[in-house]
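Q: For reference, this is query-v3.cif, and it has mmCIF, C-alpha atoms.
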```cif
data_data
#
loop_
_atom_site.group_PDB
_atom_site.id
_atom_site.type_symbol
_atom_site.label_atom_id
_atom_site.label_comp_id
_atom_site.auth_asym_id
_atom_site.auth_seq_id
_atom_site.Cartn_x
_atom_site.Cartn_y
_atom_site.Cartn_z
ATOM 1 C CA MET A 1 1.619 16.967 9.791
ATOM 2 C CA LEU A 2 -0.288 20.040 8.731
ATOM 3 C CA SER A 3 -3.953 20.374 9.611
ATOM 4 C CA LYS A 4 -4.756 20.599 5.871
ATOM 5 C CA VAL A 5 -3.132 17.227 5.075
ATOM 6 C CA SER A 6 -3.999 13.813 6.439
ATOM 7 C CA ILE A 7 -2.129 10.611 5.662
ATOM 8 C CA ARG A 8 -3.096 7.095 6.634
ATOM 9 C CA SER A 9 -1.806 3.689 5.623
ATOM 10 C CA LEU A 10 -4.436 1.112 4.796
ATOM 11 C CA PRO A 11 -4.106 -2.120 6.769
ATOM 12 C CA VAL A 12 -3.279 -5.286 4.826
ATOM 13 C CA LEU A 13 -5.212 -8.523 5.121
ATOM 14 C CA GLU A 14 -3.384 -11.576 3.802
ATOM 15 C CA ALA A 15 -6.565 -13.510 2.990
ATOM 16 C CA PRO A 16 -10.165 -12.781 2.073
ATOM 17 C CA PRO A 17 -12.122 -11.482 5.064
ATOM 18 C CA SER A 18 -14.946 -13.566 6.503
ATOM 19 C CA ALA A 19 -17.368 -10.694 5.780
ATOM 20 C CA PRO A 20 -17.115 -8.035 3.058
ATOM 21 C CA ILE A 21 -15.057 -4.948 3.881
ATOM 22 C CA LEU A 22 -16.253 -2.044 1.767
ATOM 23 C CA ASP A 23 -13.449 0.482 2.167
ATOM 24 C CA GLY A 24 -10.157 1.335 3.818
ATOM 25 C CA VAL A 25 -8.236 -1.939 3.506
ATOM 26 C CA ARG A 26 -5.871 -3.809 1.187
ATOM 27 C CA ILE A 27 -6.727 -7.482 0.686
ATOM 28 C CA ARG A 28 -4.011 -9.765 -0.687
ATOM 29 C CA MET A 29 -5.278 -12.966 -2.265
ATOM 30 C CA ALA A 30 -3.871 -15.604 -4.607
ATOM 31 C CA ALA A 31 -5.481 -13.786 -7.551
ATOM 32 C CA GLY A 32 -3.862 -10.465 -6.569
ATOM 33 C CA GLU A 33 -4.516 -7.465 -4.363
ATOM 34 C CA ALA A 34 -7.859 -5.705 -4.037
ATOM 35 C CA ALA A 35 -8.099 -2.342 -2.319
ATOM 36 C CA PRO A 36 -11.566 -0.880 -1.842
ATOM 37 C CA VAL A 37 -10.143 2.547 -1.032
ATOM 38 C CA PHE A 38 -13.114 4.891 -1.304
ATOM 39 C CA ASN A 39 -16.726 3.753 -1.082
ATOM 40 C CA GLY A 40 -19.736 6.028 -1.279
ATOM 41 C CA GLY A 41 -18.001 9.277 -2.144
ATOM 42 C CA PRO A 42 -19.523 11.730 -4.600
ATOM 43 C CA TRP A 43 -16.576 11.499 -7.004
ATOM 44 C CA ARG A 44 -16.721 13.965 -9.916
ATOM 45 C CA PHE A 45 -13.032 13.638 -10.857
ATOM 46 C CA VAL A 46 -10.887 10.485 -10.944
ATOM 47 C CA ALA A 47 -7.404 10.363 -12.485
ATOM 48 C CA TYR A 48 -4.587 7.844 -12.815
ATOM 49 C CA LEU A 49 -1.115 9.230 -12.073
ATOM 50 C CA GLU A 50 2.269 7.764 -12.961
ATOM 51 C CA PHE A 51 5.495 8.967 -11.327
ATOM 52 C CA LEU A 52 8.770 8.259 -13.131
ATOM 53 C CA PRO A 53 11.971 8.118 -11.047
ATOM 54 C CA GLY A 54 15.234 9.655 -12.172
ATOM 55 C CA THR A 55 13.640 12.586 -13.980
ATOM 56 C CA GLY A 56 13.837 15.135 -11.161
ATOM 57 C CA ALA A 57 10.340 16.192 -12.204
ATOM 58 C CA TRP A 58 7.718 17.296 -9.702
ATOM 59 C CA ARG A 59 3.993 16.887 -10.181
ATOM 60 C CA GLY A 60 1.819 19.618 -8.638
ATOM 61 C CA ASN A 61 3.436 22.778 -7.245
ATOM 62 C CA HIS A 62 -0.008 24.344 -6.952
ATOM 63 C CA TYR A 63 -2.981 24.671 -4.628
ATOM 64 C CA HIS A 64 -6.741 24.921 -4.988
ATOM 65 C CA GLU A 65 -9.171 27.357 -3.406
ATOM 66 C CA LYS A 66 -12.137 24.958 -3.626
ATOM 67 C CA LYS A 67 -10.976 21.459 -4.482
ATOM 68 C CA ARG A 68 -10.259 18.813 -1.829
ATOM 69 C CA GLU A 69 -8.080 16.059 -3.291
ATOM 70 C CA TYR A 70 -7.811 12.416 -2.281
ATOM 71 C CA PHE A 71 -4.798 10.384 -3.406
ATOM 72 C CA TYR A 72 -4.218 6.641 -3.097
ATOM 73 C CA ILE A 73 -0.696 5.377 -3.752
ATOM 74 C CA ILE A 74 -1.116 2.125 -5.675
ATOM 75 C CA SER A 75 2.563 1.201 -5.991
ATOM 76 C CA GLY A 76 6.051 2.544 -5.344
ATOM 77 C CA SER A 77 6.932 5.543 -3.224
ATOM 78 C CA VAL A 78 6.846 9.304 -3.694
ATOM 79 C CA ARG A 79 7.986 12.297 -1.685
ATOM 80 C CA GLY A 80 5.219 14.767 -0.924
ATOM 81 C CA VAL A 81 5.840 18.388 0.042
ATOM 82 C CA PHE A 82 2.977 20.406 1.500
ATOM 83 C CA GLU A 83 2.555 24.055 2.471
ATOM 84 C CA ASP A 84 -0.409 25.684 4.201
ATOM 85 C CA VAL A 85 -0.990 28.792 2.062
ATOM 86 C CA ASP A 86 -2.506 30.677 5.014
ATOM 87 C CA SER A 87 0.056 29.948 7.749
ATOM 88 C CA GLY A 88 3.170 29.167 5.680
ATOM 89 C CA GLU A 89 3.674 25.921 7.637
ATOM 90 C CA ARG A 90 5.447 23.220 5.639
ATOM 91 C CA ALA A 91 5.712 19.459 5.909
ATOM 92 C CA GLU A 92 7.200 16.599 3.916
ATOM 93 C CA ALA A 93 6.324 12.915 3.859
ATOM 94 C CA VAL A 94 7.399 9.774 2.066
ATOM 95 C CA LEU A 95 4.268 8.086 0.765
ATOM 96 C CA SER A 96 4.224 4.393 -0.095
ATOM 97 C CA ALA A 97 1.862 1.846 -1.614
ATOM 98 C CA GLY A 98 -1.315 1.680 0.442
ATOM 99 C CA ASP A 99 -1.182 5.266 1.707
ATOM 100 C CA VAL A 100 -4.191 7.561 1.418
ATOM 101 C CA VAL A 101 -3.554 11.311 1.403
ATOM 102 C CA VAL A 102 -6.270 13.941 1.742
ATOM 103 C CA ILE A 103 -5.302 17.512 0.836
ATOM 104 C CA GLU A 104 -7.651 20.293 1.856
ATOM 105 C CA PRO A 105 -8.147 23.507 -0.143
ATOM 106 C CA ARG A 106 -5.431 26.173 0.247
ATOM 107 C CA CYS A 107 -2.692 23.607 0.803
ATOM 108 C CA ALA A 108 0.026 23.746 -1.848
ATOM 109 C CA HIS A 109 1.493 20.375 -2.741
ATOM 110 C CA ALA A 110 4.030 18.670 -4.983
ATOM 111 C CA PHE A 111 5.106 15.058 -5.491
ATOM 112 C CA THR A 112 8.176 13.402 -6.992
ATOM 113 C CA ALA A 113 8.985 9.722 -7.556
ATOM 114 C CA LEU A 114 11.416 7.919 -5.267
ATOM 115 C CA ALA A 115 10.681 4.731 -7.238
ATOM 116 C CA TYR A 116 8.395 3.934 -10.141
ATOM 117 C CA SER A 117 4.980 4.758 -8.668
ATOM 118 C CA GLN A 118 1.317 4.807 -9.537
ATOM 119 C CA ALA A 119 -1.577 6.580 -7.839
ATOM 120 C CA ILE A 120 -5.186 7.520 -8.283
ATOM 121 C CA GLU A 121 -6.585 10.939 -7.485
ATOM 122 C CA CYS A 122 -10.251 11.569 -6.676
ATOM 123 C CA SER A 123 -12.224 14.680 -5.895
ATOM 124 C CA PRO A 124 -15.883 15.471 -5.269
ATOM 125 C CA LEU A 125 -15.390 18.473 -7.604
ATOM 126 C CA GLU A 126 -14.777 18.331 -11.329
ATOM 127 C CA PHE A 127 -11.333 19.503 -12.405
ATOM 128 C CA ASP A 128 -11.383 23.248 -13.016
ATOM 129 C CA GLY A 129 -8.156 24.744 -14.338
ATOM 130 C CA SER A 130 -9.124 28.162 -12.992
ATOM 131 C CA ASP A 131 -8.981 26.674 -9.452
ATOM 132 C CA ALA A 132 -5.313 25.618 -9.764
ATOM 133 C CA TYR A 133 -2.983 28.345 -8.467
ATOM 134 C CA PRO A 134 0.767 27.948 -9.062
ATOM 135 C CA ARG A 135 2.877 27.822 -5.894
ATOM 136 C CA VAL A 136 6.321 26.267 -6.007
ATOM 137 C CA VAL A 137 6.857 24.241 -2.855
ATOM 138 C CA ALA A 138 9.500 21.903 -4.303
ATOM 139 C CA ARG A 139 12.168 22.096 -6.980
ATOM 140 C CA GLY A 140 14.071 19.349 -8.744
#
```
Could I get this structure in the form of structure tokens?

A:
Amino acid sequence: MLSKVSIRSLPVLEAPPSAPILDGVRIRMAAGEAAPVFNGGPWRFVAYLEFLPGTGAWRGNHYHEKKREYFYIISGSVRGVFEDVDSGERAEAVLSAGDVVVIEPRCAHAFTALAYSQAIECSPLEFDGSDAYPRVVARG
């Protein structure tokens, strides 16, 4: 994977832990899943994202000079395409429920649904439209 992209899958516990776990795990219980994904971050931007399959649409196709983005895939699966703006290196990944993706500044990215999917996006910076630079890394 590129140095400007990191992907990790959160481990799954099938029962409540004996002691609280504050981040980085998925806990499946009778009442449903809980996933304390990020704890303690200085989040200034949080967004819910929905990805609809069968549309051929891509979300993204841009990069940021300043903004580091954190994505958590809640459900489904998406294809991610990434390009280091400085080196031109490219990578692709299939991201599934429970995956956390961190995209550093100057890494172009785009996502498309492989199945109905949901995600959250967080950033320590507020969204600033002037820091989103178009760069097509994927086409439908």

Q: Residues picked by the PyMOL selection byres ((chain A and resi 96) around 7) here, as a PyMOL selection string?

A: chain A and resi 73+75-78+94-95+97-99

Q: Smallest atom-to-atom distance to Met1 of chain A: which of A:Leu52, A:Ala30, A:Ala91, A:Ala57, using all atoms listed in the file?

A: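 Comparing A:Leu52, A:Ala30, A:Ala91, A:Ala57 against Met1 of chain A, the winner is A:Ala91.
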
Q: Using only C-alpha atoms, which residue out of A:Arg26, A:His109, A:Arg44, A:Arg139 lies closest to Arg90 of chain A?

A: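 Answer, going by the shortest atom-to-atom distance: A:His109.
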
Q: Which one of A:Leu125, A:Val136, A:Leu10, A:Cys107 sits closest to Trp43 of chain A if you count only C-alpha atoms?

A: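 Of the candidates, the smallest distance to Trp43 of chain A is held by A:Leu125.
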
Q: Please write the residues picked by the PyMOL selection byres ((chain A and resi 46) around 8) on this file as a list of chain:residue names.

A: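 That selection, the PyMOL selection byres ((chain A and resi 46) around 8), comes back as A:Trp43, A:Arg44, A:Phe45, A:Ala47, A:Tyr48, A:Ile120, A:Glu121, A:Cys122, A:Ser123.
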
Q: Using all atoms listed in the file, can you tell me which of A:Tyr63, A:Tyr70, A:Gly88, A:Ala110 comes closest to Ser130 of chain A?

A: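 The closest residue to Ser130 of chain A is A:Tyr63.
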
Q: Please enumerate the residues selected by the PyMOL selection byres ((chain A and resi 29) around 7) when evaluated against the supplied file, formatted as a list in words.

A: Glu14, Ala15, Pro16, Ile27, Arg28, Ala30, Ala31, Gly32 and Glu33 of chain A

Q: Kindly list the centre and edge lengths in Å, rounded to one decimal, for the axis-aligned box that covers all listed atoms of segment 118-131 of chain A plus 8 Å on each of its six sides, as AutoDock Vina command-line options.

A:
```
--center_x -7.3 --center_y 16.5 --center_z -9.8 --size_x 33.2 --size_y 39.4 --size_z 25.1
```

Q: Enter the distance from atom CA of Val100 of chain A to atom CA of Trp58 of chain A, in Å, rounded to one decimal.

A: 19.0 Å

Q: Taking into account only C-alpha atoms, which residue in the set A:Ala119, A:Leu114, A:Val137, A:Val85 is nearest to Ser3 of chain A?

A: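 Nearest candidate to Ser3 of chain A out of A:Ala119, A:Leu114, A:Val137, A:Val85: A:Val85.
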
Q: Between atom CA of Phe38 of chain A and atom CA of Ser9 of chain A, what is the distance, to one decimal in Å?

A: 13.3 Å

Q: Have a look at atom CA of Val81 of chain A and atom CA of Ala34 of chain A and let me know their distance in Å, one decimal.

A: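 According to the coordinates, atom CA of Val81 of chain A and atom CA of Ala34 of chain A are separated by 28.0 Å.
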
Q: Near Asp84 of chain A, within 8 Å and counting all atoms listed in the file, which residues show up once chain neighbours fewer than 5 positions away are dropped, as a PyMOL selection string?

A: chain A and resi 2+4+89-90+106-108

Q: Between A:Glu104, A:Glu65, A:Asp86, A:Glu92, which one has atoms that come closest to Tyr133 of chain A, using all atoms listed in the file?

A: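 Using all atoms listed in the file, Tyr133 of chain A sits closest to A:Glu65.
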
Q: Take segment 5-21 of chain A, bring it up to N, CA and C atoms, and give me the output as a PDB file, keeping the file's coordinate frame.

A:
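Printed below is part-v5.pdb as written:
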```
ATOM      1  N   VAL A   5      -3.564  18.464   5.723  1.00  0.00           N
ATOM      2  CA  VAL A   5      -3.132  17.227   5.075  1.00  0.00           C
ATOM      3  C   VAL A   5      -3.319  16.081   6.064  1.00  0.00           C
ATOM      4  N   SER A   6      -3.938  15.016   5.610  1.00  0.00           N
ATOM      5  CA  SER A   6      -3.999  13.813   6.439  1.00  0.00           C
ATOM      6  C   SER A   6      -3.472  12.637   5.631  1.00  0.00           C
ATOM      7  N   ILE A   7      -2.719  11.783   6.302  1.00  0.00           N
ATOM      8  CA  ILE A   7      -2.129  10.611   5.662  1.00  0.00           C
ATOM      9  C   ILE A   7      -2.437   9.404   6.543  1.00  0.00           C
ATOM     10  N   ARG A   8      -2.899   8.347   5.899  1.00  0.00           N
ATOM     11  CA  ARG A   8      -3.096   7.095   6.634  1.00  0.00           C
ATOM     12  C   ARG A   8      -2.700   5.941   5.737  1.00  0.00           C
ATOM     13  N   SER A   9      -2.169   4.904   6.346  1.00  0.00           N
ATOM     14  CA  SER A   9      -1.806   3.689   5.623  1.00  0.00           C
ATOM     15  C   SER A   9      -2.907   2.664   5.809  1.00  0.00           C
ATOM     16  N   LEU A  10      -3.386   2.118   4.705  1.00  0.00           N
ATOM     17  CA  LEU A  10      -4.436   1.112   4.796  1.00  0.00           C
ATOM     18  C   LEU A  10      -3.858  -0.186   5.349  1.00  0.00           C
ATOM     19  N   PRO A  11      -4.573  -0.835   6.258  1.00  0.00           N
ATOM     20  CA  PRO A  11      -4.106  -2.120   6.769  1.00  0.00           C
ATOM     21  C   PRO A  11      -4.180  -3.187   5.677  1.00  0.00           C
ATOM     22  N   VAL A  12      -3.343  -4.208   5.813  1.00  0.00           N
ATOM     23  CA  VAL A  12      -3.279  -5.286   4.826  1.00  0.00           C
ATOM     24  C   VAL A  12      -3.809  -6.572   5.448  1.00  0.00           C
ATOM     25  N   LEU A  13      -4.744  -7.188   4.758  1.00  0.00           N
ATOM     26  CA  LEU A  13      -5.212  -8.523   5.121  1.00  0.00           C
ATOM     27  C   LEU A  13      -4.577  -9.500   4.148  1.00  0.00           C
ATOM     28  N   GLU A  14      -4.075 -10.610   4.659  1.00  0.00           N
ATOM     29  CA  GLU A  14      -3.384 -11.576   3.802  1.00  0.00           C
ATOM     30  C   GLU A  14      -4.313 -12.654   3.247  1.00  0.00           C
ATOM     31  N   ALA A  15      -5.596 -12.543   3.504  1.00  0.00           N
ATOM     32  CA  ALA A  15      -6.565 -13.510   2.990  1.00  0.00           C
ATOM     33  C   ALA A  15      -7.922 -12.820   2.894  1.00  0.00           C
ATOM     34  N   PRO A  16      -8.832 -13.395   2.145  1.00  0.00           N
ATOM     35  CA  PRO A  16     -10.165 -12.781   2.073  1.00  0.00           C
ATOM     36  C   PRO A  16     -10.794 -12.697   3.459  1.00  0.00           C
ATOM     37  N   PRO A  17     -11.462 -11.598   3.759  1.00  0.00           N
ATOM     38  CA  PRO A  17     -12.122 -11.482   5.064  1.00  0.00           C
ATOM     39  C   PRO A  17     -13.353 -12.381   5.134  1.00  0.00           C
ATOM     40  N   SER A  18     -13.771 -12.702   6.337  1.00  0.00           N
ATOM     41  CA  SER A  18     -14.946 -13.566   6.503  1.00  0.00           C
ATOM     42  C   SER A  18     -16.234 -12.837   6.103  1.00  0.00           C
ATOM     43  N   ALA A  19     -16.226 -11.513   6.213  1.00  0.00           N
ATOM     44  CA  ALA A  19     -17.368 -10.694   5.780  1.00  0.00           C
ATOM     45  C   ALA A  19     -16.816  -9.576   4.893  1.00  0.00           C
ATOM     46  N   PRO A  20     -17.608  -9.094   3.947  1.00  0.00           N
ATOM     47  CA  PRO A  20     -17.115  -8.035   3.058  1.00  0.00           C
ATOM     48  C   PRO A  20     -16.659  -6.789   3.824  1.00  0.00           C
ATOM     49  N   ILE A  21     -15.542  -6.233   3.383  1.00  0.00           N
ATOM     50  CA  ILE A  21     -15.057  -4.948   3.881  1.00  0.00           C
ATOM     51  C   ILE A  21     -15.179  -3.991   2.711  1.00  0.00           C
TER      52      ILE A  21
END
```
